file input.csv (CSV, C-alpha atoms)
chain,number,residue,atom,x,y,z
A,147,MET,CA,-179.1,109.4,-15.9
A,148,LEU,CA,-178.4,109.6,-12.2
A,149,ALA,CA,-180.6,107.2,-10.3
A,150,ASN,CA,-181.4,107.6,-6.6
A,151,ILE,CA,-181.4,104.0,-5.5
A,152,TYR,CA,-182.2,102.7,-2.0
A,153,LYS,CA,-179.5,100.4,-0.8
A,154,PRO,CA,-180.9,97.8,1.7
A,155,LYS,CA,-179.0,96.6,4.7
A,156,ASP,CA,-176.7,93.6,4.5
A,157,CYS,CA,-175.9,94.3,0.8
A,158,SER,CA,-172.7,95.9,-0.5
A,159,SER,CA,-172.7,99.0,-2.8
A,160,PHE,CA,-170.9,96.9,-5.4
A,161,THR,CA,-173.8,94.3,-5.4
A,162,VAL,CA,-176.3,97.2,-6.1
A,163,VAL,CA,-174.0,98.4,-9.0
A,164,LYS,CA,-173.8,94.9,-10.3
A,165,GLN,CA,-177.6,94.5,-10.3
A,166,ILE,CA,-178.2,97.8,-12.0
A,167,LYS,CA,-175.6,96.9,-14.6
A,168,LYS,CA,-177.5,93.6,-15.2
A,169,ILE,CA,-180.7,95.5,-15.7
A,170,THR,CA,-179.4,98.3,-18.0
A,171,LYS,CA,-176.6,96.4,-19.8
A,172,GLN,CA,-174.6,99.7,-19.5
A,173,LYS,CA,-171.6,101.1,-17.7
A,174,VAL,CA,-172.6,101.8,-14.0
A,175,GLY,CA,-170.9,103.7,-11.1
A,176,HIS,CA,-171.9,105.2,-7.8
A,177,ALA,CA,-171.2,108.5,-5.9
A,178,GLY,CA,-169.9,107.1,-2.6
A,179,THR,CA,-169.8,103.7,-0.9
A,180,LEU,CA,-172.2,102.7,1.8
A,181,ASP,CA,-171.1,100.0,4.2
A,182,PRO,CA,-173.0,96.7,3.9
A,183,PHE,CA,-174.6,97.1,7.3
A,184,ALA,CA,-175.9,100.5,6.4
A,185,ASP,CA,-178.9,101.4,4.2
A,186,GLY,CA,-180.1,104.5,2.4
A,187,VAL,CA,-179.4,106.6,-0.6
A,188,LEU,CA,-176.9,105.3,-3.2
A,189,LEU,CA,-176.6,107.6,-6.1
A,190,ILE,CA,-176.0,105.6,-9.3
A,191,GLY,CA,-174.7,106.9,-12.7
A,192,ILE,CA,-175.7,104.9,-15.8
A,193,GLY,CA,-174.0,105.1,-19.2
A,194,THR,CA,-172.7,108.5,-20.1
A,195,SER,CA,-174.1,109.8,-16.8
A,196,THR,CA,-171.2,108.1,-15.0
A,197,LYS,CA,-169.3,111.3,-16.0
A,198,LEU,CA,-171.5,113.2,-13.6
A,199,LEU,CA,-170.4,111.1,-10.7
A,200,THR,CA,-167.1,113.1,-10.4
A,201,LYS,CA,-169.1,116.1,-9.3
A,202,ALA,CA,-171.8,114.1,-7.5
A,203,ILE,CA,-169.3,112.4,-5.2
A,204,GLN,CA,-168.4,115.8,-3.8
A,205,PHE,CA,-172.1,116.6,-2.7
A,206,ASP,CA,-172.8,117.0,1.0
A,207,LYS,CA,-174.4,114.0,2.7
A,208,SER,CA,-176.8,113.5,5.6
A,209,TYR,CA,-177.1,110.5,7.9
A,210,GLN,CA,-179.2,109.1,10.7
A,211,ALA,CA,-177.0,107.0,13.0
A,212,THR,CA,-177.1,105.1,16.3
A,213,VAL,CA,-174.2,104.9,18.7
A,214,LYS,CA,-173.9,102.3,21.5
A,215,LEU,CA,-171.8,103.6,24.4
A,216,GLY,CA,-169.6,101.5,26.7
A,217,GLN,CA,-168.1,99.2,24.0
A,218,LYS,CA,-165.4,99.8,21.4
A,219,THR,CA,-164.9,97.6,18.4
A,220,ASP,CA,-162.0,97.2,15.9
A,221,SER,CA,-164.2,98.2,13.0
A,222,MET,CA,-165.9,101.0,15.0
A,223,ASP,CA,-169.3,99.5,14.1
A,224,LEU,CA,-171.4,96.5,15.1
A,225,THR,CA,-169.7,94.1,12.6
A,226,GLY,CA,-166.4,94.2,14.5
A,227,THR,CA,-165.0,92.5,17.5
A,228,VAL,CA,-165.2,94.3,20.9
A,229,THR,CA,-161.7,95.5,21.8
A,230,ASP,CA,-162.5,97.6,24.9
A,231,THR,CA,-165.2,98.4,27.4
A,232,ALA,CA,-165.7,101.4,29.6
A,233,ALA,CA,-168.1,102.7,32.2
A,234,ILE,CA,-170.6,105.3,30.9
A,235,PRO,CA,-170.7,108.5,33.0
A,236,SER,CA,-174.0,110.3,33.7
A,237,ILE,CA,-174.6,112.3,30.5
A,238,SER,CA,-177.4,114.9,30.4
A,239,GLN,CA,-178.9,116.4,27.2
A,240,GLU,CA,-177.2,119.6,28.1
A,241,VAL,CA,-173.7,118.0,28.4
A,242,LEU,CA,-174.4,116.1,25.1
A,243,LYS,CA,-175.4,119.3,23.3
A,244,LYS,CA,-172.3,121.1,24.6
A,245,GLN,CA,-170.0,118.4,23.4
A,246,THR,CA,-171.6,118.0,20.0
A,247,ARG,CA,-171.2,121.7,19.3
A,248,GLU,CA,-167.4,121.2,19.4
A,249,PHE,CA,-167.7,119.0,16.3
A,250,ILE,CA,-169.4,121.6,14.1
A,251,GLY,CA,-167.1,123.1,11.4
A,252,GLU,CA,-163.9,122.0,9.7
A,253,GLN,CA,-161.7,119.4,11.3
A,254,LEU,CA,-159.0,116.8,10.5
A,255,GLN,CA,-160.5,113.3,10.7
A,256,ARG,CA,-158.5,110.1,10.7
A,257,THR,CA,-159.3,107.4,8.2
A,258,PRO,CA,-160.5,104.1,9.7
A,259,MET,CA,-158.7,100.9,8.6
A,260,PHE,CA,-162.1,99.3,8.0
A,261,SER,CA,-162.9,101.6,5.0
A,262,ALA,CA,-163.1,101.5,1.2
A,263,ARG,CA,-160.3,104.1,0.8
A,264,LYS,CA,-157.5,102.8,-1.4
A,265,ILE,CA,-153.8,103.1,-0.4
A,266,ASP,CA,-151.4,102.0,-3.2
A,267,GLY,CA,-154.4,100.4,-5.0
A,268,VAL,CA,-155.5,98.3,-2.1
A,269,ARG,CA,-158.7,98.9,-0.1
A,270,LEU,CA,-157.9,99.5,3.6
A,271,TYR,CA,-160.6,97.0,4.8
A,272,LYS,CA,-158.7,94.2,2.9
A,273,LEU,CA,-155.6,95.0,4.9
A,274,ALA,CA,-157.6,95.4,8.2
A,275,ARG,CA,-159.1,91.9,7.7
A,276,LYS,CA,-155.5,90.5,7.6
A,277,SER,CA,-154.7,92.5,10.8
A,278,ILE,CA,-152.4,94.8,8.8
A,279,GLU,CA,-152.5,98.4,10.0
A,280,ILE,CA,-150.8,101.2,8.1
A,281,LYS,CA,-150.5,104.9,8.9
A,282,THR,CA,-152.9,107.1,6.9
A,283,ASN,CA,-153.0,110.9,6.6
A,284,PRO,CA,-156.0,112.6,8.2
A,285,LYS,CA,-158.4,114.3,5.9
A,286,MET,CA,-160.1,117.7,6.3
A,287,VAL,CA,-163.9,117.3,6.6
A,288,THR,CA,-166.8,119.6,7.6
A,289,ILE,CA,-169.6,118.8,10.0
A,290,PHE,CA,-172.4,121.3,9.1
A,291,ASP,CA,-175.0,120.0,11.5
A,292,LEU,CA,-175.0,117.5,14.3
A,293,ASP,CA,-178.1,116.9,16.4
A,294,CYS,CA,-178.0,114.2,19.1
A,295,SER,CA,-180.2,112.7,21.8
A,296,ILE,CA,-179.3,110.2,24.5
A,297,ASN,CA,-181.2,107.4,26.2
A,298,HIS,CA,-179.2,105.4,28.7
A,299,ASP,CA,-176.3,103.9,26.6
A,300,ILE,CA,-177.7,104.8,23.2
A,301,ILE,CA,-177.1,108.1,21.2
A,302,GLU,CA,-179.2,108.9,18.2
A,303,MET,CA,-177.5,111.2,15.7
A,304,ASN,CA,-178.6,113.3,12.7
A,305,VAL,CA,-175.5,114.5,10.8
A,306,THR,CA,-175.1,116.7,7.7
A,307,CYS,CA,-171.5,116.7,6.6
A,308,SER,CA,-169.1,117.1,3.7
A,309,SER,CA,-168.2,114.2,1.4
A,310,GLY,CA,-165.5,111.9,2.8
A,311,THR,CA,-166.7,112.1,6.4
A,312,TYR,CA,-166.6,108.8,8.3
A,313,ILE,CA,-169.6,108.6,10.6
A,314,ARG,CA,-168.1,105.7,12.5
A,315,VAL,CA,-165.1,107.9,13.4
A,316,LEU,CA,-167.4,110.7,14.5
A,317,ALA,CA,-169.3,108.2,16.7
A,318,GLU,CA,-166.1,106.9,18.3
A,319,ASP,CA,-164.7,110.5,18.8
A,320,LEU,CA,-168.0,111.7,20.4
A,321,ALA,CA,-168.0,108.7,22.8
A,322,ASP,CA,-164.4,109.6,23.7
A,323,LYS,CA,-165.4,113.3,24.3
A,324,LEU,CA,-168.1,112.1,26.6
A,325,GLY,CA,-165.6,110.1,28.7
A,326,THR,CA,-166.3,106.6,27.5
A,327,VAL,CA,-166.1,104.4,24.4
A,328,GLY,CA,-168.6,103.6,21.7
A,329,HIS,CA,-169.4,102.2,18.3
A,330,LEU,CA,-171.9,102.6,15.5
A,331,THR,CA,-174.9,100.1,15.5
A,332,HIS,CA,-177.0,101.7,12.8
A,333,LEU,CA,-176.5,104.0,9.8
A,334,THR,CA,-178.9,105.3,7.2
A,335,ARG,CA,-177.8,107.8,4.5
A,336,THR,CA,-180.8,110.1,4.2
A,337,SER,CA,-179.5,112.3,1.4
A,338,ILE,CA,-176.7,113.1,-1.1
A,339,GLY,CA,-177.0,116.7,-2.2
A,340,GLU,CA,-180.6,117.1,-3.4
A,341,TYR,CA,-181.2,113.4,-3.7
A,342,SER,CA,-183.2,112.3,-0.6
A,343,LEU,CA,-184.2,109.0,1.0
A,344,LYS,CA,-187.9,109.7,0.5
A,345,ASP,CA,-187.4,109.8,-3.3
A,346,SER,CA,-185.1,106.8,-3.6
A,347,MET,CA,-186.2,103.7,-5.5
A,348,THR,CA,-185.7,100.1,-4.7
A,349,ILE,CA,-183.9,98.0,-7.3
A,350,ASP,CA,-187.2,96.4,-8.3
A,351,LYS,CA,-188.9,99.8,-8.8
A,352,PHE,CA,-185.9,101.0,-10.8
A,353,GLU,CA,-186.1,97.9,-13.0
A,354,GLU,CA,-189.8,98.6,-13.7
A,355,LEU,CA,-189.0,102.2,-14.6
A,356,TRP,CA,-186.1,101.3,-16.8
A,357,LYS,CA,-188.2,98.7,-18.7
A,358,SER,CA,-191.0,101.2,-19.2
A,359,LEU,CA,-188.6,103.9,-20.5
A,360,ASN,CA,-186.7,101.5,-22.8
A,361,HIS,CA,-189.4,99.5,-24.5
call {"tool": "encode", "arguments": {"input": "input.csv", "output": "structure tokens"}}
result
Amino acid sequence: MLANIYKPKDCSSFTVVKQIKKITKQKVGHAGTLDPFADGVLLIGIGTSTKLLTKAIQFDKSYQATVKLGQKTDSMDLTGTVTDTAAIPSISQEVLKKQTREFIGEQLQRTPMFSARKIDGVRLYKLARKSIEIKTNPKMVTIFDLDCSINHDIIEMNVTCSSGTYIRVLAEDLADKLGTVGHLTHLTRTSIGEYSLKDSMTIDKFEELWKSLNH
């Protein structure tokens, strides 16, 4: 079965997989890592259903995100160290709308060093923590929908995108387009394909369901 699990904040995707494995005593995998600071939909494959993850990992994804303007961090999110600051120009909703339209469609996106992508078998974030930076090839991604609103130095984003899109890179690129710098302060994955946040289960709820189905 594929299970739509709610991953809470301050918990790694690996921890959720480990907990589900402990409950089910079966092989467990997931369809796309969520950063520890993020929350939302984590699609879990259990037992023979792990074979379905190869397809599920390609599903389009939707996110709600918050971007703080004026500060850039090395990780592109709130967990990193501030590396740059910049003044924030006056940005109207009209200007914001015009700039966000330029992100719609296919584009090459760089891979952040603080990411779970593997290069030669090593996850990039492990290299980043040692201050090792390596050149990575940009990937083609698609932004299907990008709806933003601004309040002073905060931008709220709703994004629907192809698998493999880094929202933190999108946040930094949008800030740059607006003539300043910025980083991600909040991220919620609201859907993976047809699996939505409103239908996701907490780990406790999943455990209850699993026990009821297997006793």
call {"tool": "atom_distance", "arguments": {"input": "input.csv", "atom1": "atom CA of Phe183 of chain A", "atom2": "atom CA of Lys153 of chain A"}}
result
10.0 Å
call {"tool": "residues_around", "arguments": {"input": "input.csv", "residues": "Ala232 of chain A", "least_positions_apart": "3", "cutoff": "7 Å", "atoms": "all atoms listed in the file", "output": "number ranges by chain"}}
result
A: 216-217, 326-327
call {"tool": "closest_residue", "arguments": {"input": "input.csv", "among": "A:Ile296, A:Leu333, A:Val162, A:Leu198", "to": "Ala177 of chain A", "atoms": "only C-alpha atoms"}}
result
A:Leu198
call {"tool": "closest_residue", "arguments": {"input": "input.csv", "among": "A:Thr229, A:Gln210, A:Gln165, A:Ser308", "to": "Gly339 of chain A", "atoms": "all atoms listed in the file"}}
result
A:Ser308
call {"tool": "atom_distance", "arguments": {"input": "input.csv", "atom1": "atom CA of Ala211 of chain A", "atom2": "atom CA of Ile166 of chain A"}}
result
26.7 Å
call {"tool": "residues_near_point", "arguments": {"input": "input.csv", "point": "(-176.9, 98.6, 7.0)", "cutoff": "8 Å", "atoms": "only C-alpha atoms", "output": "PyMOL selection string"}}
result
chain A and resi 154-157+181-185+332-334
call {"tool": "atom_distance", "arguments": {"input": "input.csv", "atom1": "atom CA of Leu292 of chain A", "atom2": "atom CA of Ile237 of chain A"}}
result
17.0 Å
call {"tool": "residues_around", "arguments": {"input": "input.csv", "residues": "Leu343 of chain A", "least_positions_apart": "3", "cutoff": "7 Å", "atoms": "only C-alpha atoms", "output": "MDAnalysis selection string"}}
result
chainID A and resid 186:187 336:337 346
call {"tool": "residues_around", "arguments": {"input": "input.csv", "residues": "Thr200 of chain A", "least_positions_apart": "6", "cutoff": "12 Å", "atoms": "all atoms listed in the file", "output": "PyMOL selection string"}}
result
chain A and resi 148+175-178+189-191+309
call {"tool": "write_last_selection", "arguments": {"input": "input.csv", "atoms": "C-alpha atoms", "output": "PDB file, in the frame of the given file"}}
result
ATOM      1  CA  LEU A 148    -178.400 109.600 -12.200  1.00  0.00           C
ATOM      2  CA  GLY A 175    -170.900 103.700 -11.100  1.00  0.00           C
ATOM      3  CA  HIS A 176    -171.900 105.200  -7.800  1.00  0.00           C
ATOM      4  CA  ALA A 177    -171.200 108.500  -5.900  1.00  0.00           C
ATOM      5  CA  GLY A 178    -169.900 107.100  -2.600  1.00  0.00           C
ATOM      6  CA  LEU A 189    -176.600 107.600  -6.100  1.00  0.00           C
ATOM      7  CA  ILE A 190    -176.000 105.600  -9.300  1.00  0.00           C
ATOM      8  CA  GLY A 191    -174.700 106.900 -12.700  1.00  0.00           C
ATOM      9  CA  SER A 309    -168.200 114.200   1.400  1.00  0.00           C
TER      10      SER A 309
END
